[in-house]
file structure02.cif (mmCIF, C-alpha atoms; chains and numbers go by the auth columns)
data_query
#
loop_
_atom_site.group_PDB
_atom_site.id
_atom_site.type_symbol
_atom_site.label_atom_id
_atom_site.label_comp_id
_atom_site.label_asym_id
_atom_site.label_seq_id
_atom_site.Cartn_x
_atom_site.Cartn_y
_atom_site.Cartn_z
_atom_site.B_iso_or_equiv
_atom_site.auth_seq_id
_atom_site.auth_asym_id
ATOM 1 C CA MET A 1 106.519 82.639 70.329 0.00 1 A
ATOM 2 C CA TYR A 2 105.273 83.795 73.732 0.00 2 A
ATOM 3 C CA VAL A 3 105.175 87.444 74.775 0.00 3 A
ATOM 4 C CA TYR A 4 104.578 88.311 78.450 0.00 4 A
ATOM 5 C CA LEU A 5 103.023 91.668 79.378 0.00 5 A
ATOM 6 C CA TYR A 6 103.992 92.562 82.963 0.00 6 A
ATOM 7 C CA ASP A 7 101.956 95.072 84.935 0.00 7 A
ATOM 8 C CA ASN A 8 103.987 97.956 86.337 0.00 8 A
ATOM 9 C CA PHE A 9 103.082 97.038 89.956 0.00 9 A
ATOM 10 C CA LEU A 10 105.203 93.882 89.634 0.00 10 A
ATOM 11 C CA LYS A 11 108.305 96.074 90.006 0.00 11 A
ATOM 12 C CA ASN A 12 107.596 96.054 93.746 0.00 12 A
ATOM 13 C CA LYS A 13 110.318 94.045 95.514 0.00 13 A
ATOM 14 C CA ARG A 14 107.790 91.890 97.351 0.00 14 A
ATOM 15 C CA TYR A 15 107.008 90.170 94.035 0.00 15 A
ATOM 16 C CA ASP A 16 110.650 89.504 93.090 0.00 16 A
ATOM 17 C CA SER A 17 110.895 85.936 94.396 0.00 17 A
ATOM 18 C CA LEU A 18 107.506 84.938 92.964 0.00 18 A
ATOM 19 C CA ILE A 19 108.240 86.379 89.520 0.00 19 A
ATOM 20 C CA LYS A 20 111.639 84.655 89.429 0.00 20 A
ATOM 21 C CA ALA A 21 110.022 81.344 90.408 0.00 21 A
ATOM 22 C CA MET A 22 107.356 81.768 87.707 0.00 22 A
ATOM 23 C CA GLU A 23 109.971 82.582 85.078 0.00 23 A
ATOM 24 C CA THR A 24 111.948 79.473 86.066 0.00 24 A
ATOM 25 C CA ARG A 25 108.813 77.318 85.792 0.00 25 A
ATOM 26 C CA LEU A 26 108.029 78.766 82.353 0.00 26 A
ATOM 27 C CA THR A 27 111.602 78.053 81.231 0.00 27 A
ATOM 28 C CA ASP A 28 111.272 74.455 82.454 0.00 28 A
ATOM 29 C CA TYR A 29 108.167 74.090 80.281 0.00 29 A
ATOM 30 C CA GLY A 30 109.943 75.636 77.313 0.00 30 A
ATOM 31 C CA ILE A 31 107.514 78.524 77.052 0.00 31 A
ATOM 32 C CA ALA A 32 109.614 81.420 78.307 0.00 32 A
ATOM 33 C CA GLY A 33 109.484 84.408 75.994 0.00 33 A
ATOM 34 C CA LYS A 34 109.833 88.116 75.516 0.00 34 A
ATOM 35 C CA ILE A 35 108.935 90.302 78.510 0.00 35 A
ATOM 36 C CA ILE A 36 107.364 93.738 78.040 0.00 36 A
ATOM 37 C CA ARG A 37 106.582 95.965 81.020 0.00 37 A
ATOM 38 C CA LEU A 38 103.343 97.907 80.635 0.00 38 A
ATOM 39 C CA GLN A 39 103.114 101.576 81.435 0.00 39 A
ATOM 40 C CA ARG A 40 99.976 103.506 82.294 0.00 40 A
ATOM 41 C CA TYR A 41 99.526 104.906 78.796 0.00 41 A
ATOM 42 C CA THR A 42 100.684 101.883 76.806 0.00 42 A
ATOM 43 C CA ASN A 43 98.592 101.414 73.660 0.00 43 A
ATOM 44 C CA CYS A 44 98.005 97.681 74.068 0.00 44 A
ATOM 45 C CA GLU A 45 96.381 97.192 70.673 0.00 45 A
ATOM 46 C CA MET A 46 99.289 98.728 68.768 0.00 46 A
ATOM 47 C CA LEU A 47 101.798 96.909 70.963 0.00 47 A
ATOM 48 C CA ILE A 48 100.212 93.490 70.457 0.00 48 A
ATOM 49 C CA GLU A 49 99.670 93.965 66.719 0.00 49 A
ATOM 50 C CA ASP A 50 103.361 94.856 66.428 0.00 50 A
ATOM 51 C CA GLU A 51 104.369 91.713 68.331 0.00 51 A
ATOM 52 C CA ILE A 52 102.096 89.585 66.122 0.00 52 A
ATOM 53 C CA ARG A 53 103.885 90.958 63.039 0.00 53 A
ATOM 54 C CA LYS A 54 107.164 89.909 64.674 0.00 54 A
ATOM 55 C CA GLY A 55 105.869 86.357 65.116 0.00 55 A
ATOM 56 C CA ALA A 56 104.073 86.289 68.489 0.00 56 A
ATOM 57 C CA LYS A 57 101.509 83.476 68.731 0.00 57 A
ATOM 58 C CA THR A 58 100.560 83.771 72.423 0.00 58 A
ATOM 59 C CA ILE A 59 100.213 86.965 74.484 0.00 59 A
ATOM 60 C CA VAL A 60 100.260 86.391 78.255 0.00 60 A
ATOM 61 C CA VAL A 61 98.990 89.044 80.662 0.00 61 A
ATOM 62 C CA VAL A 62 100.802 89.001 84.024 0.00 62 A
ATOM 63 C CA GLY A 63 99.076 90.900 86.829 0.00 63 A
ATOM 64 C CA ASN A 64 95.571 91.163 88.283 0.00 64 A
ATOM 65 C CA ASP A 65 91.979 91.952 87.250 0.00 65 A
ATOM 66 C CA VAL A 66 92.945 95.542 86.441 0.00 66 A
ATOM 67 C CA THR A 67 95.812 94.420 84.201 0.00 67 A
ATOM 68 C CA PHE A 68 93.619 91.882 82.442 0.00 68 A
ATOM 69 C CA GLY A 69 90.900 94.453 81.749 0.00 69 A
ATOM 70 C CA HIS A 70 93.395 97.123 80.668 0.00 70 A
ATOM 71 C CA VAL A 71 94.958 94.860 78.050 0.00 71 A
ATOM 72 C CA LEU A 72 91.978 92.892 76.732 0.00 72 A
ATOM 73 C CA SER A 73 89.509 95.786 76.562 0.00 73 A
ATOM 74 C CA ARG A 74 91.880 97.525 74.159 0.00 74 A
ATOM 75 C CA ALA A 75 93.211 94.538 72.246 0.00 75 A
ATOM 76 C CA ALA A 76 90.198 92.210 71.990 0.00 76 A
ATOM 77 C CA SER A 77 90.225 92.490 68.205 0.00 77 A
ATOM 78 C CA CYS A 78 93.822 91.226 67.893 0.00 78 A
ATOM 79 C CA ARG A 79 93.908 87.732 66.383 0.00 79 A
ATOM 80 C CA VAL A 80 96.154 85.911 68.819 0.00 80 A
ATOM 81 C CA ILE A 81 95.868 83.421 71.704 0.00 81 A
ATOM 82 C CA TYR A 82 95.799 85.009 75.165 0.00 82 A
ATOM 83 C CA GLY A 83 96.984 83.630 78.476 0.00 83 A
ATOM 84 C CA PHE A 84 96.814 85.048 81.998 0.00 84 A
ATOM 85 C CA LEU A 85 99.166 84.618 84.948 0.00 85 A
ATOM 86 C CA PRO A 86 97.379 86.163 87.963 0.00 86 A
ATOM 87 C CA VAL A 87 99.579 87.679 90.668 0.00 87 A
ATOM 88 C CA GLY A 88 98.664 89.383 93.941 0.00 88 A
ATOM 89 C CA SER A 89 95.195 90.402 95.086 0.00 89 A
ATOM 90 C CA GLU A 90 92.156 91.531 93.051 0.00 90 A
ATOM 91 C CA ASN A 91 91.981 88.344 91.033 0.00 91 A
ATOM 92 C CA SER A 92 88.301 87.382 90.800 0.00 92 A
ATOM 93 C CA ILE A 93 88.610 86.867 87.022 0.00 93 A
ATOM 94 C CA ALA A 94 91.248 84.196 87.612 0.00 94 A
ATOM 95 C CA GLU A 95 88.736 82.093 89.553 0.00 95 A
ATOM 96 C CA VAL A 96 86.203 82.342 86.727 0.00 96 A
ATOM 97 C CA LEU A 97 88.851 81.228 84.229 0.00 97 A
ATOM 98 C CA GLY A 98 89.954 78.355 86.482 0.00 98 A
ATOM 99 C CA LEU A 99 93.415 79.805 87.089 0.00 99 A
ATOM 100 C CA PRO A 100 95.285 79.522 90.398 0.00 100 A
ATOM 101 C CA VAL A 101 96.979 82.709 91.581 0.00 101 A
ATOM 102 C CA GLY A 102 100.761 82.567 91.464 0.00 102 A
ATOM 103 C CA ILE A 103 103.244 79.994 90.224 0.00 103 A
ATOM 104 C CA ASP A 104 100.703 77.188 89.654 0.00 104 A
ATOM 105 C CA ALA A 105 99.112 79.252 86.889 0.00 105 A
ATOM 106 C CA CYS A 106 102.203 78.420 84.810 0.00 106 A
ATOM 107 C CA ASP A 107 101.095 74.770 84.792 0.00 107 A
ATOM 108 C CA VAL A 108 97.707 75.753 83.328 0.00 108 A
ATOM 109 C CA LEU A 109 99.358 77.955 80.720 0.00 109 A
ATOM 110 C CA ALA A 110 101.607 75.091 79.610 0.00 110 A
ATOM 111 C CA LYS A 111 98.612 72.773 79.048 0.00 111 A
ATOM 112 C CA ARG A 112 97.117 75.257 76.528 0.00 112 A
ATOM 113 C CA ARG A 113 93.465 74.350 77.075 0.00 113 A
ATOM 114 C CA LYS A 114 91.770 76.968 74.882 0.00 114 A
ATOM 115 C CA LEU A 115 88.268 78.408 74.570 0.00 115 A
ATOM 116 C CA TYR A 116 86.680 81.347 72.795 0.00 116 A
ATOM 117 C CA LEU A 117 85.275 83.909 75.267 0.00 117 A
ATOM 118 C CA ASP A 118 82.642 86.598 74.846 0.00 118 A
ATOM 119 C CA VAL A 119 83.541 90.273 74.865 0.00 119 A
ATOM 120 C CA GLY A 120 81.254 93.177 75.764 0.00 120 A
ATOM 121 C CA TRP A 121 80.726 96.182 73.483 0.00 121 A
ATOM 122 C CA LEU A 122 79.892 99.688 74.696 0.00 122 A
ATOM 123 C CA ASN A 123 79.482 102.639 72.324 0.00 123 A
ATOM 124 C CA ASN A 124 82.229 101.487 69.959 0.00 124 A
ATOM 125 C CA ARG A 125 84.667 100.165 72.560 0.00 125 A
ATOM 126 C CA TYR A 126 85.221 96.780 74.171 0.00 126 A
ATOM 127 C CA PHE A 127 84.950 95.723 77.789 0.00 127 A
ATOM 128 C CA ILE A 128 86.065 92.367 79.071 0.00 128 A
ATOM 129 C CA SER A 129 85.408 92.143 82.804 0.00 129 A
ATOM 130 C CA GLN A 130 82.569 94.282 84.108 0.00 130 A
ATOM 131 C CA LEU A 131 80.700 97.527 83.453 0.00 131 A
ATOM 132 C CA HIS A 132 79.466 99.654 86.352 0.00 132 A
ATOM 133 C CA ILE A 133 77.056 102.591 86.423 0.00 133 A
ATOM 134 C CA PRO A 134 76.895 104.035 89.974 0.00 134 A
ATOM 135 C CA PRO A 135 73.441 105.001 91.311 0.00 135 A
ATOM 136 C CA SER A 136 71.874 107.334 88.748 0.00 136 A
ATOM 137 C CA ASP A 137 68.510 108.414 87.322 0.00 137 A
ATOM 138 C CA ILE A 138 68.532 106.056 84.368 0.00 138 A
ATOM 139 C CA GLN A 139 66.158 104.197 82.088 0.00 139 A
ATOM 140 C CA ILE A 140 67.057 100.774 80.726 0.00 140 A
ATOM 141 C CA GLU A 141 65.609 99.068 77.647 0.00 141 A
ATOM 142 C CA TYR A 142 66.263 95.313 77.434 0.00 142 A
ATOM 143 C CA ASP A 143 66.488 93.603 74.029 0.00 143 A
ATOM 144 C CA GLU A 144 63.844 96.000 72.628 0.00 144 A
ATOM 145 C CA SER A 145 61.231 94.114 74.669 0.00 145 A
ATOM 146 C CA PHE A 146 60.711 96.019 77.953 0.00 146 A
ATOM 147 C CA LYS A 147 61.930 99.072 79.845 0.00 147 A
ATOM 148 C CA VAL A 148 62.868 99.746 83.467 0.00 148 A
ATOM 149 C CA ALA A 149 62.907 103.343 84.745 0.00 149 A
ATOM 150 C CA SER A 150 64.174 104.727 88.062 0.00 150 A
ATOM 151 C CA ARG A 151 60.931 106.621 88.885 0.00 151 A
ATOM 152 C CA GLY A 152 62.517 108.846 91.487 0.00 152 A
ATOM 153 C CA LYS A 153 64.840 106.126 92.842 0.00 153 A
ATOM 154 C CA LYS A 154 68.408 106.128 91.671 0.00 154 A
ATOM 155 C CA MET A 155 69.558 102.750 90.357 0.00 155 A
ATOM 156 C CA GLU A 156 72.933 101.057 90.167 0.00 156 A
ATOM 157 C CA LEU A 157 73.665 98.914 87.118 0.00 157 A
ATOM 158 C CA VAL A 158 76.409 96.305 86.832 0.00 158 A
ATOM 159 C CA VAL A 159 76.898 94.354 83.607 0.00 159 A
ATOM 160 C CA CYS A 160 79.052 91.247 83.980 0.00 160 A
ATOM 161 C CA ASN A 161 81.122 89.528 81.379 0.00 161 A
ATOM 162 C CA LEU A 162 84.046 87.695 83.033 0.00 162 A
ATOM 163 C CA LYS A 163 84.173 89.442 86.406 0.00 163 A
ATOM 164 C CA PRO A 164 81.455 88.136 88.784 0.00 164 A
ATOM 165 C CA PHE A 165 78.937 90.277 90.631 0.00 165 A
ATOM 166 C CA VAL A 166 79.239 90.142 94.427 0.00 166 A
ATOM 167 C CA TRP A 167 76.814 91.435 97.040 0.00 167 A
ATOM 168 C CA SER A 168 76.062 90.792 100.705 0.00 168 A
ATOM 169 C CA LYS A 169 72.866 90.071 102.594 0.00 169 A
ATOM 170 C CA GLY A 170 72.604 89.343 106.293 0.00 170 A
ATOM 171 C CA GLY A 171 76.354 88.951 106.556 0.00 171 A
ATOM 172 C CA LYS A 172 76.449 86.325 103.802 0.00 172 A
ATOM 173 C CA LYS A 173 78.273 86.996 100.556 0.00 173 A
ATOM 174 C CA TYR A 174 76.646 86.073 97.242 0.00 174 A
ATOM 175 C CA VAL A 175 78.685 85.561 94.085 0.00 175 A
ATOM 176 C CA VAL A 176 77.077 85.128 90.676 0.00 176 A
ATOM 177 C CA HIS A 177 79.186 84.106 87.700 0.00 177 A
ATOM 178 C CA PRO A 178 78.106 85.165 84.214 0.00 178 A
ATOM 179 C CA GLN A 179 76.566 82.644 81.848 0.00 179 A
ATOM 180 C CA ASP A 180 78.204 81.763 78.578 0.00 180 A
ATOM 181 C CA GLY A 181 76.826 83.380 75.423 0.00 181 A
ATOM 182 C CA LYS A 182 75.038 86.320 77.083 0.00 182 A
ATOM 183 C CA LEU A 183 75.876 89.294 79.220 0.00 183 A
ATOM 184 C CA GLU A 184 74.129 89.690 82.575 0.00 184 A
ATOM 185 C CA ALA A 185 72.763 92.921 84.035 0.00 185 A
ATOM 186 C CA PHE A 186 72.397 93.372 87.798 0.00 186 A
ATOM 187 C CA LEU A 187 70.054 96.218 88.701 0.00 187 A
ATOM 188 C CA ARG A 188 69.795 97.554 92.271 0.00 188 A
ATOM 189 C CA PRO A 189 67.562 100.531 93.176 0.00 189 A
ATOM 190 C CA ILE A 190 68.522 102.541 96.247 0.00 190 A
ATOM 191 C CA VAL A 191 66.095 102.056 99.143 0.00 191 A
ATOM 192 C CA LYS A 192 67.476 104.697 101.493 0.00 192 A
ATOM 193 C CA LYS A 193 70.632 106.005 103.070 0.00 193 A
ATOM 194 C CA GLY A 194 71.715 104.532 106.394 0.00 194 A
ATOM 195 C CA VAL A 195 72.836 106.194 109.621 0.00 195 A
ATOM 196 C CA PHE A 196 76.260 107.024 108.212 0.00 196 A
ATOM 197 C CA LYS A 197 74.812 108.139 104.861 0.00 197 A
ATOM 198 C CA LYS A 198 75.765 104.846 103.275 0.00 198 A
ATOM 199 C CA GLU A 199 73.486 103.862 100.414 0.00 199 A
ATOM 200 C CA GLN A 200 71.288 100.826 100.999 0.00 200 A
ATOM 201 C CA PHE A 201 70.037 98.810 98.061 0.00 201 A
ATOM 202 C CA GLU A 202 67.191 96.499 97.234 0.00 202 A
ATOM 203 C CA GLU A 203 68.080 92.936 96.296 0.00 203 A
ATOM 204 C CA PRO A 204 69.462 92.939 92.737 0.00 204 A
ATOM 205 C CA SER A 205 67.301 91.990 89.789 0.00 205 A
ATOM 206 C CA ILE A 206 69.222 89.862 87.291 0.00 206 A
ATOM 207 C CA PHE A 207 68.609 90.101 83.547 0.00 207 A
ATOM 208 C CA PRO A 208 70.556 88.047 80.973 0.00 208 A
ATOM 209 C CA PHE A 209 70.507 89.998 77.711 0.00 209 A
ATOM 210 C CA GLU A 210 71.966 90.412 74.259 0.00 210 A
ATOM 211 C CA GLU A 211 71.539 94.187 74.025 0.00 211 A
ATOM 212 C CA ILE A 212 70.417 96.971 76.362 0.00 212 A
ATOM 213 C CA ILE A 213 70.194 100.728 75.979 0.00 213 A
ATOM 214 C CA VAL A 214 70.773 102.906 79.051 0.00 214 A
ATOM 215 C CA SER A 215 69.732 106.535 78.864 0.00 215 A
ATOM 216 C CA SER A 216 69.116 109.570 81.059 0.00 216 A
ATOM 217 C CA LYS A 217 68.325 113.261 80.829 0.00 217 A
ATOM 218 C CA LYS A 218 71.472 113.962 82.852 0.00 218 A
ATOM 219 C CA PRO A 219 75.007 112.639 82.256 0.00 219 A
ATOM 220 C CA PHE A 220 75.797 109.476 84.227 0.00 220 A
ATOM 221 C CA VAL A 221 79.126 107.829 85.018 0.00 221 A
ATOM 222 C CA VAL A 222 80.165 104.615 83.238 0.00 222 A
ATOM 223 C CA GLU A 223 83.138 102.616 84.544 0.00 223 A
ATOM 224 C CA THR A 224 84.653 99.800 82.450 0.00 224 A
ATOM 225 C CA ASP A 225 88.039 98.113 82.825 0.00 225 A
ATOM 226 C CA GLY A 226 89.658 101.212 84.319 0.00 226 A
ATOM 227 C CA ASN A 227 87.937 103.646 81.925 0.00 227 A
ATOM 228 C CA ILE A 228 85.579 106.268 83.366 0.00 228 A
ATOM 229 C CA SER A 229 83.345 108.406 81.161 0.00 229 A
ATOM 230 C CA LYS A 230 80.131 110.419 81.381 0.00 230 A
ATOM 231 C CA GLU A 231 77.339 109.526 79.013 0.00 231 A
ATOM 232 C CA ILE A 232 73.732 110.439 78.161 0.00 232 A
ATOM 233 C CA LYS A 233 72.984 107.237 76.277 0.00 233 A
ATOM 234 C CA VAL A 234 74.892 103.967 75.876 0.00 234 A
ATOM 235 C CA LYS A 235 74.229 100.771 73.960 0.00 235 A
ATOM 236 C CA ILE A 236 75.649 97.652 75.611 0.00 236 A
ATOM 237 C CA LYS A 237 75.816 94.304 73.813 0.00 237 A
ATOM 238 C CA LEU A 238 77.980 91.333 72.973 0.00 238 A
ATOM 239 C CA ALA A 239 80.757 92.184 70.551 0.00 239 A
ATOM 240 C CA LYS A 240 81.064 90.296 67.282 0.00 240 A
ATOM 241 C CA SER A 241 84.684 89.564 68.138 0.00 241 A
ATOM 242 C CA ARG A 242 85.621 86.926 70.693 0.00 242 A
ATOM 243 C CA ILE A 243 88.988 86.233 72.270 0.00 243 A
ATOM 244 C CA GLU A 244 90.764 82.876 72.277 0.00 244 A
ATOM 245 C CA MET A 245 91.940 82.291 75.834 0.00 245 A
ATOM 246 C CA ILE A 246 93.911 79.614 77.679 0.00 246 A
ATOM 247 C CA VAL A 247 91.722 78.481 80.602 0.00 247 A
ATOM 248 C CA GLY A 248 91.863 76.005 83.462 0.00 248 A
ATOM 249 C CA ARG A 249 89.949 72.785 83.967 0.00 249 A
ATOM 250 C CA ASP A 250 88.143 74.281 87.012 0.00 250 A
ATOM 251 C CA ARG A 251 86.697 77.267 85.149 0.00 251 A
ATOM 252 C CA LYS A 252 83.205 78.457 86.182 0.00 252 A
ATOM 253 C CA PHE A 253 81.530 78.100 82.779 0.00 253 A
#
call {"tool": "encode", "arguments": {"input": "structure02.cif", "output": "structure tokens"}}
result
Amino acid sequence: MYVYLYDNFLKNKRYDSLIKAMETRLTDYGIAGKIIRLQRYTNCEMLIEDEIRKGAKTIVVVGNDVTFGHVLSRAASCRVIYGFLPVGSENSIAEVLGLPVGIDACDVLAKRRKLYLDVGWLNNRYFISQLHIPPSDIQIEYDESFKVASRGKKMELVVCNLKPFVWSKGGKKYVVHPQDGKLEAFLRPIVKKGVFKKEQFEEPSIFPFEEIIVSSKKPFVVETDGNISKEIKVKIKLAKSRIEMIVGRDRKF
């Protein structure tokens, strides 16, 4: 049985025709199922576990990167197959998974090409897409082998799992997709602030890792899959759990 989790933004009338077309395509494939509309405070883990008890075999997230992160970061431990139907903008994860945005994603879902995907782990909670620490006075220890400290320069840290890291140089955009089996840390110290007080960064240093510890004498902000918290010390690593996901042939890994 398929269960489809719709993001709340899909109520907007501009998505009506697309959603109807997708539902028709899913019916043609014989994989239409129960539709549940997510709310801001929906407990996705409890919801999915309840649907599994009722017989759900495949949970399909319908929305964008934010929807995907909201659901999977909370329900990564649920033993079920996941699918994703990307709709609208903010869909960089879809590209990594080899999924077209819109109705053609239904074709990929119907083929059920499955892989196990890594999940990040941060202080006893999951993250699925990307972790971001805005410029802060932090120290980072990589795999218990070496340390990097800010030394008076604030540093930005981005840890990628499924969502790629993007930065620009000389008007050209660079996109780096994460490697399979490890997380990747992108570290950028601030060089200076520009004319309009916009922060300017050094080129990022890239570190594949299995575990890092980030610490500071002052609380720093940590953003993951829509969650924002302040921490003094965090341990970031691959989770023991992995998710089974339906992916496309043109995936980036």
call {"tool": "closest_residue", "arguments": {"input": "structure02.cif", "among": "A:Asp16, A:Asp7, A:Asp65, A:Asp28", "to": "A:Tyr41", "atoms": "all atoms listed in the file"}}
result
A:Asp7
call {"tool": "closest_residue", "arguments": {"input": "structure02.cif", "among": "A:Arg249, A:Arg53, A:His70, A:Arg242", "to": "A:Arg40", "atoms": "all atoms listed in the file"}}
result
A:His70
call {"tool": "resolve_selection", "arguments": {"input": "structure02.cif", "expression": "the PyMOL selection byres ((chain A and resi 23-26) around 10)", "output": "number ranges by chain"}}
result
A: 17-22, 27-33, 103-107, 109-110
call {"tool": "closest_residue", "arguments": {"input": "structure02.cif", "among": "A:Lys217, A:Ala94, A:Val176, A:Val66", "to": "A:Asp137", "atoms": "only C-alpha atoms"}}
result
A:Lys217
call {"tool": "resolve_selection", "arguments": {"input": "structure02.cif", "expression": "the PyMOL selection byres ((chain A and resi 63) around 6)", "output": "ChimeraX atom specification"}}
result
/A:7,62,64,67,86-87
call {"tool": "closest_residue", "arguments": {"input": "structure02.cif", "among": "A:Val191, A:Ala149, A:Lys235, A:Tyr142", "to": "A:Ile206", "atoms": "all atoms listed in the file"}}
result
A:Tyr142
call {"tool": "atom_distance", "arguments": {"input": "structure02.cif", "atom1": "atom CA of A:Gln130", "atom2": "atom CA of A:Gly226"}}
result
9.9 Å
call {"tool": "axis_aligned_box", "arguments": {"input": "structure02.cif", "around": "stretch 214-231 of chain A", "padding_each_side": "8 Å", "output": "JSON"}}
result
{"center_x": 79.0, "center_y": 106.0, "center_z": 81.9, "size_x": 37.3, "size_y": 31.8, "size_z": 22.2}
call {"tool": "resolve_selection", "arguments": {"input": "structure02.cif", "expression": "the PyMOL selection byres ((chain A and resi 132) around 6)", "output": "list in words"}}
result
Leu131, Ile133, Leu157, Val158, Val222 and Glu223 of chain A
call {"tool": "residues_around", "arguments": {"input": "structure02.cif", "residues": "A:Arg113", "least_positions_apart": "6", "cutoff": "7 Å", "atoms": "only C-alpha atoms", "output": "list of chain:residue names"}}
result
A:Ile246, A:Val247, A:Gly248
call {"tool": "residues_around", "arguments": {"input": "structure02.cif", "residues": "A:Trp121", "least_positions_apart": "6", "cutoff": "9 Å", "atoms": "all atoms listed in the file", "output": "list in words"}}
result
Phe127, Ile128, Lys235, Ile236, Lys237, Leu238, Ala239 and Lys240 of chain A
call {"tool": "closest_residue", "arguments": {"input": "structure02.cif", "among": "A:Lys169, A:Val3, A:Gln39, A:Phe201", "to": "A:Val61", "atoms": "all atoms listed in the file"}}
result
A:Val3
call {"tool": "residues_around", "arguments": {"input": "structure02.cif", "residues": "A:Ser136", "least_positions_apart": "5", "cutoff": "8 Å", "atoms": "all atoms listed in the file", "output": "compact mmCIF listing (two decimals) with C-alpha atoms, keeping the file's coordinate frame"}}
result
# COMPACT_ATOMS: atom_id res chain seq x y z
CA LYS A 154 68.41 106.13 91.67
CA MET A 155 69.56 102.75 90.36
CA GLU A 156 72.93 101.06 90.17
CA PHE A 220 75.80 109.48 84.23
call {"tool": "atom_distance", "arguments": {"input": "structure02.cif", "atom1": "atom CA of A:Phe9", "atom2": "atom CA of A:Tyr82"}}
result
20.4 Å
call {"tool": "atom_distance", "arguments": {"input": "structure02.cif", "atom1": "atom CA of A:Phe84", "atom2": "atom CA of A:Phe253"}}
result
16.8 Å
call {"tool": "residues_around", "arguments": {"input": "structure02.cif", "residues": "A:Glu244", "least_positions_apart": "2", "cutoff": "9 Å", "atoms": "all atoms listed in the file", "output": "PDB file with C-alpha atoms, in the coordinates of the input"}}
result
ATOM      1  CA  ARG A  79      93.908  87.732  66.383  1.00  0.00           C
ATOM      2  CA  VAL A  80      96.154  85.911  68.819  1.00  0.00           C
ATOM      3  CA  ILE A  81      95.868  83.421  71.704  1.00  0.00           C
ATOM      4  CA  TYR A  82      95.799  85.009  75.165  1.00  0.00           C
ATOM      5  CA  GLY A  83      96.984  83.630  78.476  1.00  0.00           C
ATOM      6  CA  LYS A 114      91.770  76.968  74.882  1.00  0.00           C
ATOM      7  CA  LEU A 115      88.268  78.408  74.570  1.00  0.00           C
ATOM      8  CA  TYR A 116      86.680  81.347  72.795  1.00  0.00           C
ATOM      9  CA  LEU A 117      85.275  83.909  75.267  1.00  0.00           C
ATOM     10  CA  ARG A 242      85.621  86.926  70.693  1.00  0.00           C
ATOM     11  CA  ILE A 246      93.911  79.614  77.679  1.00  0.00           C
TER      12      ILE A 246
END
call {"tool": "decode", "arguments": {"input": "structure02.cif", "residues": "stretch 139-151 of chain A", "atoms": "N, CA and C atoms", "output": "CSV table (one decimal), in the first residue's frame"}}
result
chain,number,residue,atom,x,y,z
A,139,GLN,N,35.7,25.4,16.9
A,139,GLN,CA,36.8,24.5,16.7
A,139,GLN,C,36.2,23.2,16.2
A,140,ILE,N,36.9,22.6,15.2
A,140,ILE,CA,36.4,21.3,14.6
A,140,ILE,C,37.5,20.3,14.7
A,141,GLU,N,37.1,19.1,15.2
A,141,GLU,CA,38.0,17.9,15.3
A,141,GLU,C,37.5,16.9,14.3
A,142,TYR,N,38.3,16.5,13.4
A,142,TYR,CA,37.9,15.5,12.4
A,142,TYR,C,38.4,14.1,12.7
A,143,ASP,N,37.5,13.2,12.8
A,143,ASP,CA,37.8,11.8,13.0
A,143,ASP,C,38.9,11.5,14.0
A,144,GLU,N,39.0,12.3,15.0
A,144,GLU,CA,40.0,12.2,16.1
A,144,GLU,C,41.4,12.2,15.6
A,145,SER,N,41.6,12.9,14.4
A,145,SER,CA,42.9,12.9,13.9
A,145,SER,C,43.5,14.3,13.8
A,146,PHE,N,42.8,15.3,13.5
A,146,PHE,CA,43.3,16.7,13.5
A,146,PHE,C,42.2,17.7,13.8
A,147,LYS,N,42.6,18.9,14.2
A,147,LYS,CA,41.7,19.9,14.6
A,147,LYS,C,41.9,21.2,13.8
A,148,VAL,N,40.8,21.9,13.6
A,148,VAL,CA,40.8,23.2,12.9
A,148,VAL,C,40.2,24.2,13.8
A,149,ALA,N,40.8,25.3,14.1
A,149,ALA,CA,40.3,26.3,15.0
A,149,ALA,C,40.1,27.6,14.2
A,150,SER,N,39.2,28.5,14.6
A,150,SER,CA,39.0,29.8,13.9
A,150,SER,C,40.1,30.8,14.0
A,151,ARG,N,40.7,30.8,15.2
A,151,ARG,CA,41.9,31.7,15.4
A,151,ARG,C,41.5,33.2,15.1
